[in-house]
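A short worksheet on the structure shown next.
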Amino acid sequence: MNKTFSKTWQHSEIESELYQKWESAGYFKPEINFDGKPFVIAIPPPNVTGKLHIGHAMFATLEDLMIRYHRLLGDAALWIPGTDHAGIATQTVVDKALQKKGIRKNEIGREKFVQEVWEWKDEYGGKITEQLRALGASCDWNRERFTLDGGLSNAVREAFTHLYNKDLIYRGEYIVNWCPKCGTAIADDEVEHQEQKAKLYYFKYDKNFPITIATTRPETKLGDTAVAVNPGDDRYRELVGKEFDIEIDGVKRKIKIIANRAIDSKFGTGAVGVTPSHSMIDWKMAEDHGLEKIKVIDEHGRMAESVGEYAGMKVLEAREKLVKFLKKEDLLEKVQEIDNNLSVCYRCGGAIEPLPSLQWFVKMKPLAEKAKEAVKSGEIKIIPKRFEKVYFHWLDNIRDWCISRQLWWGHRIPVWYKGEEIHVGKEAPSGEGWKQDEDVLDTWFSSALWPFSTLGWPDEKAADYKKFYPTTVMETGYDILFFWVARMIMMGLELTGEAPFETVYLHGLVRDEQNRKMSKSLGNVLDPLDIIAKYGTDALRIGLVVGSTPGQDIAVGESKIKGFRNFTNKIWNASRFVSLRVTGGDLQSGELGESKIGDLKIDEKLLTDADKKIIEEHKETVKSVTENINKFKFSFAGEKLYEYFWHSFCDRYIEESKEQLEADNLELAANTKKILIKILSETLVMLHPYAPFVTEAVWQELKVFTPELSESIIISRWPE
RNA sequence: GGCCGCUUGGCUCAGUUGGUUAGAGCGCCUCGUUCACAUCGAGGAGGCCACUGGUUCGAGUCCAGUAGCGGCCACCA
């Protein structure tokens, strides 16, 4: 380290240097406290193609804070890093990049395309993990995992086979959310709803039909097989049970009038055309009433073969043509503008077409029951607690999870077919003529295994699995409670027989200074790397933690970060002053003196009132900070430290100590030096999880004249 | 439609199990540079803690209700 203290904390010069020293010294490995109690966090794996954003900075800060704290307590702290292959997202990115080069994936074929994605991954995949290092994340990089690497792929096949053998996975033709743009089925929670104005058309199928129906999607009516009304609706009571032959623009159908309680008699005409193949609710009605299901829209978002001259038309073209026909035939009674929700794909934003398709599903009910119980019994604790209610509600209303995706990038479904035969297993069956399922699994399937697949499961004898599973804390954003957290709990309980973690800590989303969502179009996006360059990692970290409570969104702007940059400088400068005075150095040049601190044993008899007061306050601070971190109150603990360090230690005690240091009583002066160093060094340890870099930089200076201090602050001990 | 959160000084937010004159940061005002830090120090102005009612010796904190804002889930065919 330097022999001199500069006047301000020069973060950019030293942060990466410190990080490299830590990493190469092996301080991030749990082995440095191997006999300690395990404290384990599995990182929420960022998309492999991702670029660091403020959300990553949020989780990395909170998780690193916990990991560093527990490491200081002497626990075997392990933070497992890794990245996610992110099926659709990555495939789309690479596909677009290839298209720019004039390469079409359907021309080069599956094998070549997947190879291209791997090359892309090798080139860009390391970026995000490098960026996590800039945040000070003390992950054990030797244990880094990728959801598509060998071990994890094996875990995926094992899990699939296990669930299939227990009848918890099945294949079937059901209505699914189909994204024509992505060309794949997606899960229920991957569908978003967008409010929009829509036209509600009132019309009859043909002149002979007795009931007027209302719909926003006339073209789907070509696939109707029933009209549903509320059983209590007097207008239609006598028609229920009757069947009519109809013909719409050349398409012939049989329509049965059915009664169903789901129908709101006040909406539209109180009569709904039932389209089993293209509406989730109608599909269910069709099952209940034994209706025929006719598919009129295909996977490309075009009208299917079954609709005569409409076949091959795009959905919107078909709508226009049909409306024109209805007008001409005088069947259209009116058109009303209403507010409607459009279902869109959360990935590409394209409109979702519900349609029947042959897919693989996970049977969720039995898994959900166990997952509910684990939280209800307190085996898993969710912070903040109110999210337990959201969690229960989701599990209570869960539907089977569609896990097959019509993509190329991902875990290929471990199922092989040969004629009528089917083989499900980790390996291809021997013998000729077997063909593997073309589809891959939903990205979240492998994510659901993350806390144990990263530790060696299914090998239950793996050393890491034995030592570090179950993990301790799952820290992530509340926005992926369903996508990820709930599914990890379900899979953990089913596959390992244990809850995968003890505590779920959900952080809020980062918003801008005016509390607006960060978005590129608003131009209010904070780039963590810019902030780090400008104000230092420590300032960013404190800014993200202090003033934020779990589950609550947080407003972060430059002025806040700037305030904490001043705080990191205060840490630097107070330490500079103490070091120079204690060693008899030169306050002007910042050059340290020769005096050393032999030991930190304080002579109680020499304590002045000022000494007693700061020592008392220090004790209280240690107690309060420890308690609050243990209770996951990181913001409150951080504020305490800030207040105590700046206003009690710096503004008051350092000022008071100046007189004592210059006193004629040399013993008093010597004692004061010890108190300064002891309190400063212990406070630095407490600040270290929040501000790892400046505290270490200072520590290295203190160490020069205080041999009692450990080699690095990372491996020192939390004060008692 | 169901559920949840927020509403505290100009702005962004804390406020731990209800307890003395309600806090912080930023902003603002006054003063200060004799040598840790102007990325600083000393001091100050500024709040009927959304509203109404209740419980209590005592409520920002608990209960009921109202209003505004935000979110999640379901969904209107």
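How things are named: the first chain in the structure tokens is A, the next is B, and so on; residues count from 1 in each chain; ligands count from 1 in the order shown.
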
* Going by DSSP on the backbone, which bits of region 262-309 of chain A are strand (DSSP E or B)? Write them as a PyMOL selection string, please. => chain A and resi 271-274+297+302-303

Show me, as CSV, the residues of chain A having an atom within 6 Å of chain B, each with the closest atom pair and its distance in Å, using only C-alpha atoms (C1' of nucleotides).
residue,atom,partner,partner_atom,distance
A:Val272,CA,B:A77,C1',5.9
A:Gly547,CA,B:C13,C1',5.9
A:Asn566,CA,B:U39,C1',4.5
A:Asn573,CA,B:C37,C1',5.4
A:Ala574,CA,B:A36,C1',5.9
A:Phe577,CA,B:A36,C1',4.3

* To do: Tell me, in Å to one decimal, how far CA of Glu655 (chain A) is from CA of Leu540 (chain A).
  => 29.0 Å

* Structure fact -> Of A:Arg399, A:Pro550, A:Ala228, A:His53, the one nearest to Lys385 (chain A) when counting only C-alpha atoms is A:Pro550

* To do: Skip Gly456 (chain A) itself and residues of its chain fewer than 2 positions away, then list as a VMD selection string all residues within 10 Å of it, counting only C-alpha atoms (C1' of nucleotides).
  => chain A and resid 151 to 152 154 to 155 451 to 454 458 to 466 469

Writing out the chosen residues with all heavy atoms as a compact mmCIF listing (two decimals), in the first residue's frame:
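again.txt written:
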# COMPACT_ATOMS: atom_id res chain seq x y z
N GLY A 151 -23.19 -30.28 -15.87
CA GLY A 151 -23.79 -30.70 -14.61
C GLY A 151 -25.24 -30.26 -14.51
O GLY A 151 -26.10 -31.03 -14.06
N LEU A 152 -25.49 -29.05 -14.91
CA LEU A 152 -26.86 -28.55 -14.77
C LEU A 152 -27.80 -29.20 -15.79
O LEU A 152 -28.97 -29.44 -15.49
CB LEU A 152 -26.88 -27.02 -14.88
CG LEU A 152 -26.65 -26.33 -13.54
CD1 LEU A 152 -25.24 -26.55 -13.03
CD2 LEU A 152 -26.96 -24.85 -13.60
N ASN A 154 -27.52 -32.19 -16.82
CA ASN A 154 -27.78 -33.51 -16.25
C ASN A 154 -28.87 -33.41 -15.18
O ASN A 154 -29.77 -34.24 -15.10
CB ASN A 154 -26.49 -34.07 -15.64
CG ASN A 154 -26.71 -35.41 -14.99
OD1 ASN A 154 -27.26 -36.32 -15.61
ND2 ASN A 154 -26.31 -35.53 -13.74
N ALA A 155 -28.79 -32.37 -14.37
CA ALA A 155 -29.81 -32.15 -13.33
C ALA A 155 -31.18 -31.96 -13.96
O ALA A 155 -32.19 -32.47 -13.46
CB ALA A 155 -29.43 -30.94 -12.48
N PRO A 451 -30.77 -23.69 -6.94
CA PRO A 451 -30.11 -23.76 -5.63
C PRO A 451 -29.44 -25.11 -5.36
O PRO A 451 -28.52 -25.18 -4.56
CB PRO A 451 -31.24 -23.53 -4.62
CG PRO A 451 -32.35 -22.94 -5.41
CD PRO A 451 -32.21 -23.46 -6.81
N PHE A 452 -29.92 -26.16 -6.02
CA PHE A 452 -29.27 -27.46 -5.77
C PHE A 452 -28.49 -27.99 -6.97
O PHE A 452 -27.48 -28.65 -6.80
CB PHE A 452 -30.25 -28.51 -5.25
CG PHE A 452 -31.61 -28.50 -5.92
CD1 PHE A 452 -31.89 -29.39 -6.94
CD2 PHE A 452 -32.60 -27.61 -5.52
CE1 PHE A 452 -33.14 -29.41 -7.56
CE2 PHE A 452 -33.86 -27.62 -6.13
CZ PHE A 452 -34.12 -28.51 -7.15
N SER A 453 -28.92 -27.62 -8.17
CA SER A 453 -28.16 -28.11 -9.34
C SER A 453 -26.76 -27.49 -9.33
O SER A 453 -25.80 -28.12 -9.76
CB SER A 453 -28.89 -27.75 -10.64
OG SER A 453 -28.99 -26.36 -10.81
N THR A 454 -26.63 -26.28 -8.80
CA THR A 454 -25.33 -25.62 -8.77
C THR A 454 -24.41 -26.26 -7.73
O THR A 454 -23.20 -26.04 -7.77
CB THR A 454 -25.47 -24.13 -8.42
OG1 THR A 454 -26.27 -24.02 -7.23
CG2 THR A 454 -26.11 -23.36 -9.54
N PRO A 458 -27.90 -34.01 -9.15
CA PRO A 458 -28.47 -35.10 -8.34
C PRO A 458 -27.46 -35.96 -7.57
O PRO A 458 -27.90 -36.93 -6.94
CB PRO A 458 -29.21 -35.94 -9.36
CG PRO A 458 -28.50 -35.70 -10.64
CD PRO A 458 -27.99 -34.31 -10.59
N ASP A 459 -26.19 -35.66 -7.64
CA ASP A 459 -25.24 -36.45 -6.87
C ASP A 459 -25.32 -36.03 -5.41
O ASP A 459 -24.72 -35.04 -5.00
CB ASP A 459 -23.82 -36.23 -7.41
CG ASP A 459 -22.79 -37.00 -6.58
OD1 ASP A 459 -23.21 -37.79 -5.70
OD2 ASP A 459 -21.59 -36.77 -6.79
N GLU A 460 -26.07 -36.78 -4.64
CA GLU A 460 -26.29 -36.37 -3.25
C GLU A 460 -25.05 -36.56 -2.39
O GLU A 460 -25.01 -36.11 -1.24
CB GLU A 460 -27.50 -37.12 -2.67
CG GLU A 460 -28.76 -36.59 -3.34
CD GLU A 460 -30.04 -37.30 -2.92
OE1 GLU A 460 -29.94 -38.26 -2.13
OE2 GLU A 460 -31.10 -36.89 -3.39
N LYS A 461 -24.05 -37.21 -2.95
CA LYS A 461 -22.80 -37.37 -2.20
C LYS A 461 -21.80 -36.27 -2.53
O LYS A 461 -20.71 -36.23 -1.96
CB LYS A 461 -22.19 -38.74 -2.49
CG LYS A 461 -23.01 -39.88 -1.89
CD LYS A 461 -22.19 -41.16 -1.86
CE LYS A 461 -23.04 -42.36 -1.49
NZ LYS A 461 -23.64 -43.02 -2.67
N ALA A 462 -22.17 -35.41 -3.46
CA ALA A 462 -21.24 -34.32 -3.82
C ALA A 462 -20.93 -33.49 -2.58
O ALA A 462 -21.82 -33.16 -1.79
CB ALA A 462 -21.88 -33.44 -4.90
N ALA A 463 -19.65 -33.15 -2.41
CA ALA A 463 -19.22 -32.47 -1.19
C ALA A 463 -19.96 -31.16 -0.97
O ALA A 463 -20.43 -30.87 0.12
CB ALA A 463 -17.71 -32.23 -1.25
N ASP A 464 -20.10 -30.37 -2.03
CA ASP A 464 -20.77 -29.09 -1.88
C ASP A 464 -22.24 -29.25 -1.53
O ASP A 464 -22.79 -28.51 -0.74
CB ASP A 464 -20.64 -28.25 -3.17
CG ASP A 464 -19.33 -27.48 -3.20
OD1 ASP A 464 -18.54 -27.65 -2.25
OD2 ASP A 464 -19.13 -26.70 -4.15
N TYR A 465 -22.86 -30.23 -2.16
CA TYR A 465 -24.28 -30.46 -1.89
C TYR A 465 -24.47 -30.83 -0.42
O TYR A 465 -25.36 -30.32 0.26
CB TYR A 465 -24.81 -31.57 -2.79
CG TYR A 465 -26.29 -31.84 -2.63
CD1 TYR A 465 -27.24 -30.98 -3.19
CD2 TYR A 465 -26.75 -32.93 -1.89
CE1 TYR A 465 -28.60 -31.21 -3.03
CE2 TYR A 465 -28.11 -33.17 -1.73
CZ TYR A 465 -29.02 -32.31 -2.30
OH TYR A 465 -30.37 -32.54 -2.13
N LYS A 466 -23.59 -31.68 0.07
CA LYS A 466 -23.71 -32.11 1.46
C LYS A 466 -23.48 -30.96 2.43
O LYS A 466 -24.17 -30.79 3.41
CB LYS A 466 -22.72 -33.24 1.75
CG LYS A 466 -23.31 -34.60 1.38
CD LYS A 466 -22.28 -35.69 1.29
CE LYS A 466 -21.61 -36.03 2.59
NZ LYS A 466 -20.59 -37.08 2.39
N TYR A 469 -26.09 -27.40 1.05
CA TYR A 469 -27.52 -27.45 0.75
C TYR A 469 -28.26 -27.94 1.98
O TYR A 469 -27.78 -28.87 2.62
CB TYR A 469 -27.82 -28.37 -0.44
CG TYR A 469 -29.26 -28.27 -0.89
CD1 TYR A 469 -29.69 -27.20 -1.66
CD2 TYR A 469 -30.20 -29.24 -0.50
CE1 TYR A 469 -31.02 -27.08 -2.05
CE2 TYR A 469 -31.52 -29.12 -0.89
CZ TYR A 469 -31.93 -28.05 -1.66
OH TYR A 469 -33.24 -27.93 -2.04

* Asked: What lies within 10 Å of Lys658 (chain A) using only C-alpha atoms (C1' of nucleotides), ignoring chain neighbours under 6 positions off, as a PyMOL selection string?
  -> chain A and resi 578+581+669+672

* Pull the alpha helix (DSSP H) assignments for region 194-378 of chain A out of DSSP run on the backbone, and list those residues as a ChimeraX atom specification. => /A:280-289,315-328,364-376

* **Within 12 Å of C29 (chain B) using only C-alpha atoms (C1' of nucleotides), minus same-chain residues under 2 positions, as a ChimeraX atom specification** => /B:27,31,43-46

Dump of all heavy atoms for the selected residues, as a compact mmCIF listing (two decimals), in the first residue's frame:
# COMPACT_ATOMS: atom_id res chain seq x y z
P G B 27 -27.22 19.94 -1.62
OP1 G B 27 -26.31 20.34 -2.71
OP2 G B 27 -26.79 20.07 -0.21
O5' G B 27 -28.61 20.71 -1.79
C5' G B 27 -29.23 20.78 -3.07
C4' G B 27 -30.53 21.52 -2.96
O4' G B 27 -31.45 20.79 -2.12
C3' G B 27 -30.44 22.89 -2.28
O3' G B 27 -30.01 23.89 -3.19
C2' G B 27 -31.88 23.10 -1.85
O2' G B 27 -32.70 23.49 -2.92
C1' G B 27 -32.26 21.70 -1.38
N9 G B 27 -32.02 21.51 0.05
C8 G B 27 -30.97 20.86 0.64
N7 G B 27 -31.03 20.87 1.95
C5 G B 27 -32.18 21.58 2.23
C6 G B 27 -32.77 21.93 3.48
O6 G B 27 -32.36 21.66 4.61
N1 G B 27 -33.94 22.66 3.31
C2 G B 27 -34.47 23.01 2.10
N2 G B 27 -35.60 23.72 2.14
N3 G B 27 -33.95 22.69 0.93
C4 G B 27 -32.81 21.98 1.07
P C B 31 -23.67 35.87 6.20
OP1 C B 31 -23.31 37.31 6.22
OP2 C B 31 -23.65 35.10 4.94
O5' C B 31 -22.75 35.09 7.25
C5' C B 31 -22.55 35.63 8.55
C4' C B 31 -21.85 34.63 9.42
O4' C B 31 -22.63 33.39 9.47
C3' C B 31 -20.50 34.14 8.93
O3' C B 31 -19.47 35.07 9.16
C2' C B 31 -20.34 32.89 9.78
O2' C B 31 -20.01 33.18 11.12
C1' C B 31 -21.75 32.31 9.71
N1 C B 31 -21.88 31.32 8.62
C2 C B 31 -21.36 30.03 8.84
O2 C B 31 -20.84 29.77 9.93
N3 C B 31 -21.42 29.11 7.86
C4 C B 31 -21.98 29.42 6.69
N4 C B 31 -22.02 28.49 5.75
C5 C B 31 -22.52 30.73 6.43
C6 C B 31 -22.44 31.64 7.42
P G B 43 -24.10 23.00 16.27
OP1 G B 43 -24.35 22.85 17.72
OP2 G B 43 -24.21 21.84 15.36
O5' G B 43 -25.03 24.17 15.68
C5' G B 43 -25.37 25.26 16.50
C4' G B 43 -25.99 26.37 15.68
O4' G B 43 -25.25 26.57 14.45
C3' G B 43 -27.41 26.16 15.16
O3' G B 43 -28.39 26.30 16.17
C2' G B 43 -27.48 27.32 14.17
O2' G B 43 -27.63 28.56 14.81
C1' G B 43 -26.10 27.24 13.53
N9 G B 43 -26.16 26.49 12.27
C8 G B 43 -25.71 25.22 12.00
N7 G B 43 -25.95 24.85 10.77
C5 G B 43 -26.62 25.92 10.20
C6 G B 43 -27.15 26.10 8.90
O6 G B 43 -27.12 25.31 7.94
N1 G B 43 -27.74 27.34 8.75
C2 G B 43 -27.83 28.30 9.73
N2 G B 43 -28.45 29.44 9.40
N3 G B 43 -27.34 28.15 10.95
C4 G B 43 -26.75 26.95 11.12
P G B 44 -29.79 25.55 16.00
OP1 G B 44 -30.58 25.79 17.23
OP2 G B 44 -29.53 24.17 15.54
O5' G B 44 -30.46 26.36 14.80
C5' G B 44 -30.77 27.73 14.97
C4' G B 44 -31.32 28.30 13.70
O4' G B 44 -30.39 28.09 12.61
C3' G B 44 -32.60 27.66 13.17
O3' G B 44 -33.73 28.11 13.87
C2' G B 44 -32.60 28.14 11.72
O2' G B 44 -33.03 29.48 11.61
C1' G B 44 -31.11 28.08 11.38
N9 G B 44 -30.76 26.86 10.63
C8 G B 44 -30.08 25.75 11.07
N7 G B 44 -29.91 24.84 10.16
C5 G B 44 -30.53 25.38 9.03
C6 G B 44 -30.67 24.85 7.71
O6 G B 44 -30.27 23.77 7.27
N1 G B 44 -31.37 25.71 6.88
C2 G B 44 -31.86 26.94 7.26
N2 G B 44 -32.50 27.62 6.31
N3 G B 44 -31.73 27.45 8.48
C4 G B 44 -31.05 26.62 9.30
P A B 45 -35.07 27.23 13.90
OP1 A B 45 -35.90 27.69 15.03
OP2 A B 45 -34.69 25.81 13.78
O5' A B 45 -35.78 27.67 12.55
C5' A B 45 -36.13 29.04 12.33
C4' A B 45 -36.55 29.22 10.90
O4' A B 45 -35.45 28.87 10.03
C3' A B 45 -37.68 28.29 10.45
O3' A B 45 -38.94 28.83 10.78
C2' A B 45 -37.47 28.24 8.94
O2' A B 45 -37.99 29.38 8.29
C1' A B 45 -35.93 28.26 8.85
N9 A B 45 -35.36 26.92 8.73
C8 A B 45 -34.80 26.15 9.73
N7 A B 45 -34.33 24.99 9.31
C5 A B 45 -34.61 25.00 7.95
C6 A B 45 -34.36 24.07 6.93
N6 A B 45 -33.76 22.89 7.12
N1 A B 45 -34.76 24.38 5.69
C2 A B 45 -35.37 25.56 5.48
N3 A B 45 -35.65 26.52 6.36
C4 A B 45 -35.24 26.18 7.58
P G B 46 -40.05 27.89 11.43
OP1 G B 46 -41.24 28.71 11.71
OP2 G B 46 -39.42 27.09 12.51
O5' G B 46 -40.39 26.91 10.23
C5' G B 46 -41.00 27.43 9.04
C4' G B 46 -40.97 26.37 7.98
O4' G B 46 -39.60 26.04 7.68
C3' G B 46 -41.59 25.03 8.42
O3' G B 46 -42.98 25.05 8.23
C2' G B 46 -40.90 24.05 7.48
O2' G B 46 -41.49 24.03 6.21
C1' G B 46 -39.49 24.65 7.38
N9 G B 46 -38.56 24.04 8.33
C8 G B 46 -38.40 24.34 9.66
N7 G B 46 -37.49 23.61 10.25
C5 G B 46 -37.03 22.78 9.25
C6 G B 46 -36.04 21.76 9.29
O6 G B 46 -35.36 21.39 10.24
N1 G B 46 -35.90 21.15 8.04
C2 G B 46 -36.60 21.48 6.91
N2 G B 46 -36.31 20.78 5.81
N3 G B 46 -37.51 22.42 6.86
C4 G B 46 -37.67 23.02 8.05

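For the set A:Leu680, A:Val694, A:Ile714, A:Ile294, the residue with the smallest atom-to-atom gap to Lys21 (chain A) is A:Ile714, counting only C-alpha atoms.
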
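Residues surrounding Met488 (chain A) within 8 Å are Ser447, Ala448, Leu449, Trp450, Pro451 and Pro500 of chain A [only C-alpha atoms (C1' of nucleotides); sequence separation below 6 positions excluded].
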
* Asked: Within 9 Å of Gly74 (chain A), counting only C-alpha atoms (C1' of nucleotides), which residues qualify if same-chain residues fewer than 6 places away don't, as a list in words?
  -> Ile32, Asn33, Phe34, Asp35, Gly36, Lys37, Ile715, Ser716, Arg717 and Trp718 of chain A

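Compared by their closest atoms to G68 (chain B), and using only C-alpha atoms (C1' of nucleotides), the residues B:A50, B:G18, B:U8, B:G1 rank with B:A50 nearest.
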